[in-house]
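K.L.:
So that you have it, the file is upload.csv, and it contains CSV, C-alpha atoms:
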```
chain,number,residue,atom,x,y,z
A,1,MET,CA,-22.3,12.3,14.8
A,2,ALA,CA,-20.6,9.7,17.0
A,3,GLY,CA,-20.8,12.0,20.0
A,4,ALA,CA,-24.5,12.8,19.7
A,5,THR,CA,-27.0,11.4,22.2
A,6,PHE,CA,-30.8,11.6,22.4
A,7,LEU,CA,-30.4,14.3,25.1
A,8,SER,CA,-28.2,16.5,22.9
A,9,ALA,CA,-30.4,16.1,19.8
A,10,PRO,CA,-32.5,19.2,20.3
A,11,ALA,CA,-29.5,21.5,20.3
A,12,LEU,CA,-28.0,19.7,17.3
A,13,LEU,CA,-31.1,19.7,15.2
A,14,GLY,CA,-32.6,23.1,16.1
A,15,LEU,CA,-35.3,21.9,18.5
A,16,PRO,CA,-36.3,24.3,21.3
A,17,SER,CA,-34.4,23.6,24.5
A,18,SER,CA,-36.2,22.3,27.6
A,19,SER,CA,-36.3,25.8,29.1
A,20,ALA,CA,-37.9,27.1,25.9
A,21,ARG,CA,-40.5,24.4,25.9
A,22,SER,CA,-41.4,25.3,29.5
A,23,ARG,CA,-41.9,28.9,28.4
A,24,HIS,CA,-44.3,27.7,25.7
A,25,VAL,CA,-46.3,25.8,28.3
A,26,GLN,CA,-46.5,28.9,30.6
A,27,ILE,CA,-47.7,31.0,27.7
A,28,GLN,CA,-50.5,28.5,26.9
A,29,VAL,CA,-51.7,28.5,30.5
A,30,CYS,CA,-51.8,32.3,30.7
A,31,CYS,CA,-53.7,32.5,27.5
A,32,GLN,CA,-56.4,30.2,28.8
A,33,ALA,CA,-56.6,32.3,32.0
A,34,LYS,CA,-56.9,35.7,30.3
A,35,SER,CA,-59.7,35.6,27.8
A,36,GLU,CA,-60.7,39.2,27.2
A,37,GLY,CA,-59.2,42.6,26.1
A,38,SER,CA,-56.0,43.5,24.4
A,39,GLU,CA,-54.0,41.3,26.7
A,40,ALA,CA,-55.8,38.2,25.4
A,41,ALA,CA,-55.0,39.3,21.8
A,42,ALA,CA,-51.3,39.7,22.7
A,43,TYR,CA,-51.1,36.3,24.3
A,44,ALA,CA,-52.8,34.8,21.3
A,45,GLU,CA,-50.2,36.4,19.0
A,46,ARG,CA,-47.4,35.2,21.2
A,47,LEU,CA,-48.9,31.7,21.1
A,48,GLN,CA,-49.0,31.7,17.3
A,49,PHE,CA,-45.3,32.6,17.3
A,50,CYS,CA,-44.5,29.7,19.6
A,51,ARG,CA,-46.5,27.3,17.5
A,52,ARG,CA,-44.6,28.4,14.4
A,53,ASP,CA,-41.3,28.0,16.3
A,54,LEU,CA,-42.3,24.6,17.5
A,55,ILE,CA,-43.4,23.5,14.0
A,56,GLY,CA,-40.2,24.9,12.5
A,57,GLY,CA,-38.2,23.0,15.1
A,58,CYS,CA,-40.0,19.8,14.4
A,59,PHE,CA,-39.4,20.2,10.7
A,60,GLY,CA,-35.7,20.9,11.3
A,61,ALA,CA,-35.6,17.8,13.5
A,62,ALA,CA,-37.1,15.6,10.8
A,63,VAL,CA,-34.7,16.9,8.1
A,64,GLY,CA,-31.8,16.6,10.5
A,65,LEU,CA,-32.7,13.0,11.4
A,66,GLU,CA,-33.1,12.2,7.7
A,67,MET,CA,-29.7,13.7,6.9
A,68,ILE,CA,-28.1,11.6,9.7
A,69,GLU,CA,-29.8,8.4,8.6
A,70,GLY,CA,-28.8,9.1,5.0
A,71,SER,CA,-25.2,9.9,5.9
A,72,THR,CA,-24.9,6.8,8.1
A,73,ARG,CA,-26.3,4.6,5.3
A,74,PHE,CA,-23.9,6.1,2.8
A,75,THR,CA,-20.9,5.7,5.1
A,76,GLY,CA,-21.9,2.1,5.7
A,77,VAL,CA,-22.2,1.3,2.0
A,78,ALA,CA,-18.9,3.1,1.3
A,79,ALA,CA,-17.1,1.1,4.1
A,80,ALA,CA,-18.5,-2.2,2.7
A,81,ALA,CA,-17.4,-1.3,-0.8
A,82,ASP,CA,-14.0,-0.5,0.5
A,83,LEU,CA,-13.7,-3.8,2.3
A,84,ILE,CA,-14.8,-5.6,-0.9
A,85,GLU,CA,-12.2,-3.8,-3.0
A,86,ARG,CA,-9.4,-4.5,-0.4
A,87,ARG,CA,-10.3,-8.2,-0.4
A,88,GLN,CA,-10.3,-8.3,-4.2
A,89,ARG,CA,-6.8,-6.7,-4.3
A,90,SER,CA,-5.5,-8.9,-1.5
A,91,GLU,CA,-6.8,-12.1,-3.1
A,92,PHE,CA,-5.3,-11.1,-6.5
A,93,GLN,CA,-2.0,-10.2,-5.0
A,94,SER,CA,-1.9,-13.6,-3.2
A,95,SER,CA,-2.5,-15.4,-6.5
A,96,ILE,CA,0.3,-13.4,-8.2
A,97,LYS,CA,2.7,-14.3,-5.4
A,98,GLY,CA,1.8,-18.0,-5.8
A,99,THR,CA,2.3,-17.9,-9.6
A,100,LEU,CA,5.6,-16.1,-9.2
A,101,THR,CA,6.9,-18.4,-6.5
A,102,ALA,CA,6.2,-21.4,-8.8
A,103,ALA,CA,8.0,-19.7,-11.7
A,104,ILE,CA,11.0,-18.8,-9.5
A,105,GLU,CA,11.2,-22.3,-8.0
A,106,ALA,CA,11.4,-23.7,-11.6
A,107,LYS,CA,14.3,-21.3,-12.5
A,108,PRO,CA,16.1,-20.5,-9.2
A,109,GLU,CA,19.2,-19.4,-11.1
A,110,LEU,CA,17.3,-16.2,-12.1
A,111,VAL,CA,16.9,-14.9,-8.6
A,112,PRO,CA,19.9,-12.5,-8.7
A,113,SER,CA,18.7,-11.2,-12.1
A,114,LEU,CA,15.2,-10.6,-10.7
A,115,LEU,CA,16.7,-8.5,-7.9
A,116,THR,CA,18.8,-6.4,-10.2
A,117,LEU,CA,15.9,-6.0,-12.6
A,118,ALA,CA,13.8,-4.4,-9.9
A,119,LEU,CA,16.7,-2.3,-8.7
A,120,ASN,CA,17.5,-1.0,-12.2
A,121,ASP,CA,13.8,-0.2,-13.0
A,122,ALA,CA,13.6,1.8,-9.8
A,123,MET,CA,17.0,3.6,-10.1
A,124,THR,CA,16.0,5.5,-13.2
A,125,TYR,CA,14.2,7.9,-10.7
A,126,ASP,CA,15.3,11.5,-10.9
A,127,LYS,CA,14.5,13.5,-7.8
A,128,ALA,CA,14.9,16.9,-9.5
A,129,THR,CA,12.3,16.2,-12.3
A,130,LYS,CA,10.3,13.6,-10.3
A,131,SER,CA,10.5,11.3,-13.3
A,132,GLY,CA,11.5,7.7,-13.8
A,133,GLY,CA,11.4,5.1,-11.0
A,134,PRO,CA,9.8,1.7,-10.8
A,135,ASN,CA,7.4,2.2,-13.7
A,136,GLY,CA,8.1,-0.9,-15.7
A,137,SER,CA,10.0,1.0,-18.5
A,138,ILE,CA,12.8,-1.6,-18.2
A,139,ARG,CA,10.6,-4.0,-20.2
A,140,LEU,CA,10.9,-1.8,-23.3
A,141,SER,CA,13.6,-3.0,-25.8
A,142,ALA,CA,15.3,0.4,-25.9
A,143,GLU,CA,15.9,0.2,-22.1
A,144,ILE,CA,16.6,-3.5,-21.4
A,145,SER,CA,19.3,-3.5,-24.1
A,146,ARG,CA,21.4,-0.9,-22.3
A,147,PRO,CA,24.8,-1.9,-20.9
A,148,GLU,CA,23.6,-1.7,-17.2
A,149,ASN,CA,20.9,-4.2,-18.0
A,150,SER,CA,23.1,-6.7,-19.6
A,151,GLY,CA,22.2,-10.3,-18.6
A,152,LEU,CA,18.7,-9.4,-17.4
A,153,SER,CA,16.8,-10.4,-20.5
A,154,ALA,CA,16.2,-14.0,-19.3
A,155,ALA,CA,14.6,-12.8,-16.1
A,156,LEU,CA,12.4,-10.4,-18.1
A,157,ASP,CA,11.4,-13.1,-20.5
A,158,MET,CA,10.3,-15.3,-17.5
A,159,LEU,CA,8.2,-12.4,-16.2
A,160,VAL,CA,6.6,-11.9,-19.6
A,161,GLU,CA,5.5,-15.5,-19.7
A,162,THR,CA,4.4,-15.4,-16.0
A,163,LYS,CA,2.3,-12.2,-16.7
A,164,LYS,CA,0.4,-14.1,-19.4
A,165,GLU,CA,-0.7,-16.7,-16.9
A,166,ILE,CA,-1.6,-14.0,-14.3
A,167,ASP,CA,-3.6,-11.9,-16.8
A,168,SER,CA,-5.6,-15.1,-17.8
A,169,TYR,CA,-7.1,-15.3,-14.3
A,170,SER,CA,-7.2,-11.6,-13.4
A,171,LYS,CA,-10.8,-10.3,-12.9
A,172,GLY,CA,-9.7,-6.6,-12.6
A,173,GLY,CA,-7.6,-6.1,-15.8
A,174,PRO,CA,-4.0,-6.9,-16.7
A,175,LEU,CA,-1.3,-6.7,-14.2
A,176,SER,CA,1.2,-3.9,-14.8
A,177,PHE,CA,4.8,-4.7,-15.4
A,178,ALA,CA,5.7,-2.1,-12.8
A,179,ASP,CA,3.9,-4.1,-10.2
A,180,LEU,CA,5.0,-7.4,-11.5
A,181,ILE,CA,8.8,-6.6,-11.5
A,182,GLN,CA,8.7,-5.4,-7.9
A,183,ILE,CA,6.6,-8.3,-6.6
A,184,ALA,CA,8.9,-10.7,-8.4
A,185,ALA,CA,11.8,-9.2,-6.5
A,186,GLN,CA,9.9,-9.6,-3.3
A,187,GLN,CA,9.3,-13.2,-4.0
A,188,ALA,CA,12.9,-13.8,-5.1
A,189,LEU,CA,14.1,-12.2,-1.8
A,190,LYS,CA,11.7,-14.3,0.2
A,191,LYS,CA,13.2,-17.4,-1.4
A,192,THR,CA,16.7,-16.4,-0.4
A,193,PHE,CA,15.5,-15.8,3.2
A,194,LEU,CA,13.8,-19.2,3.3
A,195,ASP,CA,16.7,-21.0,1.8
A,196,GLU,CA,19.0,-19.5,4.5
A,197,ALA,CA,16.6,-20.7,7.2
A,198,ILE,CA,16.6,-24.2,5.7
A,199,ALA,CA,20.3,-24.2,5.6
A,200,LYS,CA,20.5,-23.2,9.3
A,201,THR,CA,18.4,-26.3,10.1
A,202,GLY,CA,20.8,-28.6,8.3
A,203,GLY,CA,18.7,-28.7,5.1
A,204,ASN,CA,15.5,-29.8,6.8
A,205,ILE,CA,12.8,-28.1,4.8
A,206,GLU,CA,10.0,-28.3,7.4
A,207,LYS,CA,12.2,-27.1,10.2
A,208,GLY,CA,13.5,-24.3,8.0
A,209,ARG,CA,10.0,-23.1,7.2
A,210,THR,CA,9.1,-23.2,10.8
A,211,LEU,CA,12.3,-21.2,11.7
A,212,TYR,CA,11.5,-18.6,9.0
A,213,SER,CA,7.9,-18.3,10.1
A,214,ALA,CA,8.7,-18.0,13.8
A,215,TYR,CA,11.9,-15.9,13.8
A,216,GLY,CA,12.3,-14.6,10.2
A,217,SER,CA,11.0,-11.4,8.6
A,218,SER,CA,7.9,-12.9,6.9
A,219,GLY,CA,5.7,-10.5,8.8
A,220,GLN,CA,7.5,-7.3,7.7
A,221,TRP,CA,6.1,-7.0,4.2
A,222,GLY,CA,2.9,-5.2,5.1
A,223,PHE,CA,3.7,-1.7,3.8
A,224,PHE,CA,5.3,-3.2,0.6
A,225,ASP,CA,2.1,-5.1,-0.1
A,226,LYS,CA,0.0,-1.9,0.1
A,227,ILE,CA,2.0,-0.3,-2.7
A,228,PHE,CA,0.0,-2.1,-5.4
A,229,GLY,CA,-1.3,-0.2,-8.4
A,230,ARG,CA,1.7,1.2,-10.2
A,231,ASP,CA,1.2,2.4,-13.8
A,232,ASP,CA,3.4,1.3,-16.7
A,233,ALA,CA,5.5,3.9,-18.5
A,234,GLN,CA,5.0,3.8,-22.3
A,235,GLU,CA,8.4,5.3,-23.1
A,236,PRO,CA,11.9,4.3,-21.9
A,237,ASP,CA,13.4,6.4,-19.1
A,238,PRO,CA,16.4,8.6,-20.0
A,239,GLU,CA,19.8,7.0,-20.4
A,240,GLY,CA,22.7,7.5,-18.0
A,241,ARG,CA,20.7,7.3,-14.8
A,242,VAL,CA,21.7,3.8,-13.7
A,243,PRO,CA,25.3,2.8,-13.1
A,244,GLN,CA,26.8,-0.5,-14.2
A,245,TRP,CA,27.0,-1.9,-10.7
A,246,GLY,CA,29.8,-4.3,-11.4
A,247,SER,CA,32.3,-1.8,-12.8
A,248,ALA,CA,31.1,1.4,-11.0
A,249,SER,CA,33.2,2.6,-8.1
A,250,VAL,CA,31.8,2.6,-4.6
A,251,GLN,CA,31.7,6.4,-4.7
A,252,GLU,CA,29.6,6.3,-7.9
A,253,ILE,CA,27.2,3.8,-6.2
A,254,LYS,CA,26.9,5.9,-3.1
A,255,ASP,CA,26.3,9.0,-5.2
A,256,LYS,CA,23.5,7.3,-7.0
A,257,PHE,CA,21.8,6.1,-3.8
A,258,ILE,CA,22.2,9.6,-2.3
A,259,ALA,CA,20.6,11.1,-5.4
A,260,VAL,CA,17.4,9.1,-4.7
A,261,GLY,CA,17.3,9.9,-1.0
A,262,LEU,CA,19.2,6.9,0.4
A,263,GLY,CA,22.8,6.4,1.6
A,264,PRO,CA,25.7,4.1,2.5
A,265,ARG,CA,23.6,2.0,4.9
A,266,GLN,CA,21.2,1.2,2.0
A,267,VAL,CA,24.1,0.5,-0.3
A,268,ALA,CA,25.5,-2.1,2.1
A,269,VAL,CA,22.2,-3.8,2.7
A,270,MET,CA,21.4,-4.0,-1.0
A,271,SER,CA,24.7,-5.8,-1.9
A,272,ALA,CA,22.8,-8.9,-3.2
A,273,PHE,CA,21.1,-6.7,-5.8
A,274,PHE,CA,24.3,-5.5,-7.5
A,275,GLY,CA,25.1,-8.9,-9.1
A,276,PRO,CA,25.2,-12.6,-8.6
A,277,ASP,CA,28.2,-12.6,-6.3
A,278,GLN,CA,27.2,-10.9,-3.1
A,279,ALA,CA,30.5,-11.8,-1.4
A,280,ALA,CA,32.5,-10.1,-4.1
A,281,THR,CA,30.3,-7.0,-3.9
A,282,GLU,CA,30.8,-6.8,-0.1
A,283,ALA,CA,34.5,-7.1,-0.5
A,284,LYS,CA,34.4,-4.1,-2.7
A,285,LEU,CA,32.1,-2.1,-0.4
A,286,ILE,CA,33.9,-2.9,2.9
A,287,VAL,CA,37.0,-0.9,1.8
A,288,ASP,CA,34.9,2.3,1.8
A,289,PRO,CA,34.8,3.9,5.3
A,290,ASP,CA,31.2,4.9,5.0
A,291,CYS,CA,30.0,1.5,4.0
A,292,ARG,CA,32.3,-0.6,6.1
A,293,PRO,CA,30.4,-0.5,9.4
A,294,TRP,CA,27.1,-1.3,7.7
A,295,VAL,CA,28.6,-4.2,5.7
A,296,GLU,CA,30.0,-5.7,8.9
A,297,LYS,CA,26.7,-5.2,10.7
A,298,TYR,CA,24.8,-7.1,8.1
A,299,GLN,CA,27.4,-9.8,7.8
A,300,ARG,CA,27.1,-10.4,11.6
A,301,SER,CA,23.3,-10.3,11.3
A,302,ARG,CA,23.3,-13.0,8.7
A,303,GLU,CA,25.1,-15.3,11.0
A,304,THR,CA,22.4,-15.1,13.6
A,305,VAL,CA,19.3,-17.4,13.7
A,306,SER,CA,16.8,-14.7,13.0
A,307,ARG,CA,18.9,-12.5,10.7
A,308,THR,CA,16.6,-9.7,11.8
A,309,ASP,CA,18.7,-6.6,11.2
A,310,TYR,CA,19.7,-7.6,7.7
A,311,GLU,CA,16.3,-8.8,6.5
A,312,VAL,CA,14.2,-6.0,8.0
A,313,ASP,CA,16.5,-3.3,6.7
A,314,LEU,CA,16.6,-5.0,3.3
A,315,ILE,CA,12.8,-5.1,3.2
A,316,THR,CA,12.6,-1.5,4.3
A,317,THR,CA,15.0,-0.4,1.6
A,318,LEU,CA,13.3,-2.4,-1.2
A,319,THR,CA,10.0,-0.9,-0.1
A,320,LYS,CA,11.3,2.7,-0.4
A,321,LEU,CA,12.8,1.9,-3.8
A,322,SER,CA,9.6,0.3,-5.0
A,323,TYR,CA,7.5,3.5,-5.1
A,324,LEU,CA,10.0,6.2,-6.0
A,325,GLY,CA,8.1,8.8,-8.0
A,326,GLN,CA,5.0,6.6,-8.4
A,327,ARG,CA,1.4,7.5,-7.9
A,328,ILE,CA,-0.3,4.4,-6.6
A,329,ASN,CA,-3.9,3.6,-7.7
A,330,TYR,CA,-5.4,1.9,-4.7
A,331,GLU,CA,-8.4,0.9,-6.7
A,332,ALA,CA,-6.4,-1.0,-9.3
A,333,TYR,CA,-7.5,-4.6,-10.1
A,334,THR,CA,-10.9,-4.2,-8.5
A,335,TYR,CA,-14.0,-5.2,-10.3
A,336,PRO,CA,-17.8,-5.1,-9.8
A,337,LYS,CA,-19.2,-7.9,-7.8
A,338,GLN,CA,-21.8,-10.0,-9.7
A,339,LYS,CA,-25.3,-9.3,-8.4
A,340,ILE,CA,-27.5,-12.2,-7.4
A,341,ASN,CA,-31.1,-12.1,-8.6
A,342,LEU,CA,-33.0,-13.4,-5.6
A,343,GLY,CA,-36.1,-13.9,-7.8
A,344,ASN,CA,-34.3,-16.6,-9.7
A,345,LEU,CA,-33.4,-18.6,-6.5
A,346,LYS,CA,-35.4,-21.8,-6.0
A,347,LEU,CA,-36.1,-22.6,-2.4
```
So that I can check it, write out the structure of this file as structure tokens.
P.N.:
Amino acid sequence: MAGATFLSAPALLGLPSSSARSRHVQIQVCCQAKSEGSEAAAYAERLQFCRRDLIGGCFGAAVGLEMIEGSTRFTGVAAAADLIERRQRSEFQSSIKGTLTAAIEAKPELVPSLLTLALNDAMTYDKATKSGGPNGSIRLSAEISRPENSGLSAALDMLVETKKEIDSYSKGGPLSFADLIQIAAQQALKKTFLDEAIAKTGGNIEKGRTLYSAYGSSGQWGFFDKIFGRDDAQEPDPEGRVPQWGSASVQEIKDKFIAVGLGPRQVAVMSAFFGPDQAATEAKLIVDPDCRPWVEKYQRSRETVSRTDYEVDLITTLTKLSYLGQRINYEAYTYPKQKINLGNLKL
């Protein structure tokens, strides 16, 4: 009802218009002037009709105003509840990131494995059947033990221990592995970005942080952060969906990316996710004519101060991978707010 005003209320609520009200007044005057014969009876009958019309209009106005008031009140409560839930999720997500950052700082050697773990969990997605994807199934023993996941167990073990700590302070239920694995990749990637910024300032940590905050991609994670509420799969995804990145040909890698809706550009920007040696991976990719221009583009970008093209495209690609085939529960991890009994307060 945002467009309604006091002047438009009669038409909206069924009240008689100003012209109709003037007719009712005219009828009343005439009725007082003619007080005898059949004409007086006719005027009286018409007056009764107008009174009924007016009463009905007033009743409609009362109901309409009550409906508007109730609707506004409901909308206000719903908006407030939505804001509370968003704040709860945001605060929980911030706590998760802090816990993961501390765990990654303690074991920085696991950064490449955390990236590959997130990639391999997502790459089980099958576009034809709409199955698989970043659903946390890689945590299951039948899946983590597959050849393409060789060497990733240490990273998974770290996340299992980190999850115990996160679940201990969660107010909205346990964190899913599906969410945990993707957020861990985000935090691992942020660490590589920050480390590069520090390196560009000659190893000065404070200057590096300032550089990353001012010119880096730290503000580009908004959409990724909204994808929060993935469910865990209870069964391993089918075998044969994820290549062994180290031994796969470039064509096999491209085919897999194309199968999930990506292409050579995303293959090139994800080179750090295929194993611990990004330089070796890019040397392999640069031979391919489809990947070559993108590999060269991102290599040039990494030499700049801001590294904008590389970092933004990498964030965009990880974001796309992080919700392939998933239904996101945007109310996940919310919880009822504790009610305060004002009667127990002592003033």
K.L.:
I want to know what sits within 9 Å of Tyr298 of chain A, based on all atoms listed in the file, with residues of the same chain fewer than 5 positions away left out; could you give that as a list of chain:residue names?
P.N.:
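With the cut-off at 9 Å, the set is A:Ala268, A:Val269, A:Pro293, A:Glu303, A:Arg307, A:Asp309, A:Tyr310, A:Glu311.
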K.L.:
Quote the spacing between atom CA of Asp288 of chain A and atom CA of Gly133 of chain A in Å to one decimal place.
P.N.:
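Atom-to-atom, atom CA of Asp288 of chain A and atom CA of Gly133 of chain A are spaced 26.9 Å apart.
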K.L.:
Hey, can you check how far atom CA of Thr124 of chain A sits from atom CA of Asp277 of chain A?
P.N.:
22.9 Å
K.L.:
Pick out the closest residue to Glu109 of chain A from this set: A:Leu180, A:Leu175, A:Ile144, A:Ala155. Count only C-alpha atoms.
P.N.:
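Among the listed residues, the smallest separation from Glu109 of chain A belongs to A:Ala155.
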K.L.:
Would you compute the distance between atom CA of Arg89 of chain A and atom CA of Lys320 of chain A? Give it in Å to one decimal.
P.N.:
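About the pair atom CA of Arg89 of chain A and atom CA of Lys320 of chain A: they are 20.8 Å apart.
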K.L.:
Leaving out Gly263 of chain A and any residue of its chain fewer than 3 positions from it, which residues lie within 12 Å of it when counting all atoms listed in the file, given as a PyMOL selection string?
P.N.:
chain A and resi 250-260+266-270+290-291+294+317
K.L.:
With all atoms listed in the file as the counted atoms, please give the residues lying no more than 7 Å from segment 194-200 of chain A, apart from itself and same-chain residues fewer than 4 positions off, as a VMD selection string.
P.N.:
chain A and resid 190 204 to 205 207 to 209 211 to 212
K.L.:
Write a file of the selected residues as an mmCIF file, in the coordinates of the input, keeping C-alpha atoms.
P.N.:
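Saved file part-v3.cif follows:
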```
data_model
loop_
_atom_site.group_PDB
_atom_site.id
_atom_site.type_symbol
_atom_site.label_atom_id
_atom_site.label_comp_id
_atom_site.auth_asym_id
_atom_site.auth_seq_id
_atom_site.Cartn_x
_atom_site.Cartn_y
_atom_site.Cartn_z
ATOM 1 C CA LYS A 190 11.700 -14.300 0.200
ATOM 2 C CA ASN A 204 15.500 -29.800 6.800
ATOM 3 C CA ILE A 205 12.800 -28.100 4.800
ATOM 4 C CA LYS A 207 12.200 -27.100 10.200
ATOM 5 C CA GLY A 208 13.500 -24.300 8.000
ATOM 6 C CA ARG A 209 10.000 -23.100 7.200
ATOM 7 C CA LEU A 211 12.300 -21.200 11.700
ATOM 8 C CA TYR A 212 11.500 -18.600 9.000
#
```
K.L.:
List every protein, DNA or RNA residue with an atom no more than 10 Å from (5.0, -4.1, -4.8) in the file's coordinates, counting only C-alpha atoms, and format the result as an MDAnalysis selection string.
P.N.:
chainID A and resid 93 134 178:186 221 223:230 318:319 321:323
K.L.:
Using all atoms listed in the file, pick whichever of A:Ala279, A:Leu324, A:Ile96, A:Val111 has the shortest atom-to-atom distance to Glu296 of chain A.
P.N.:
A:Ala279
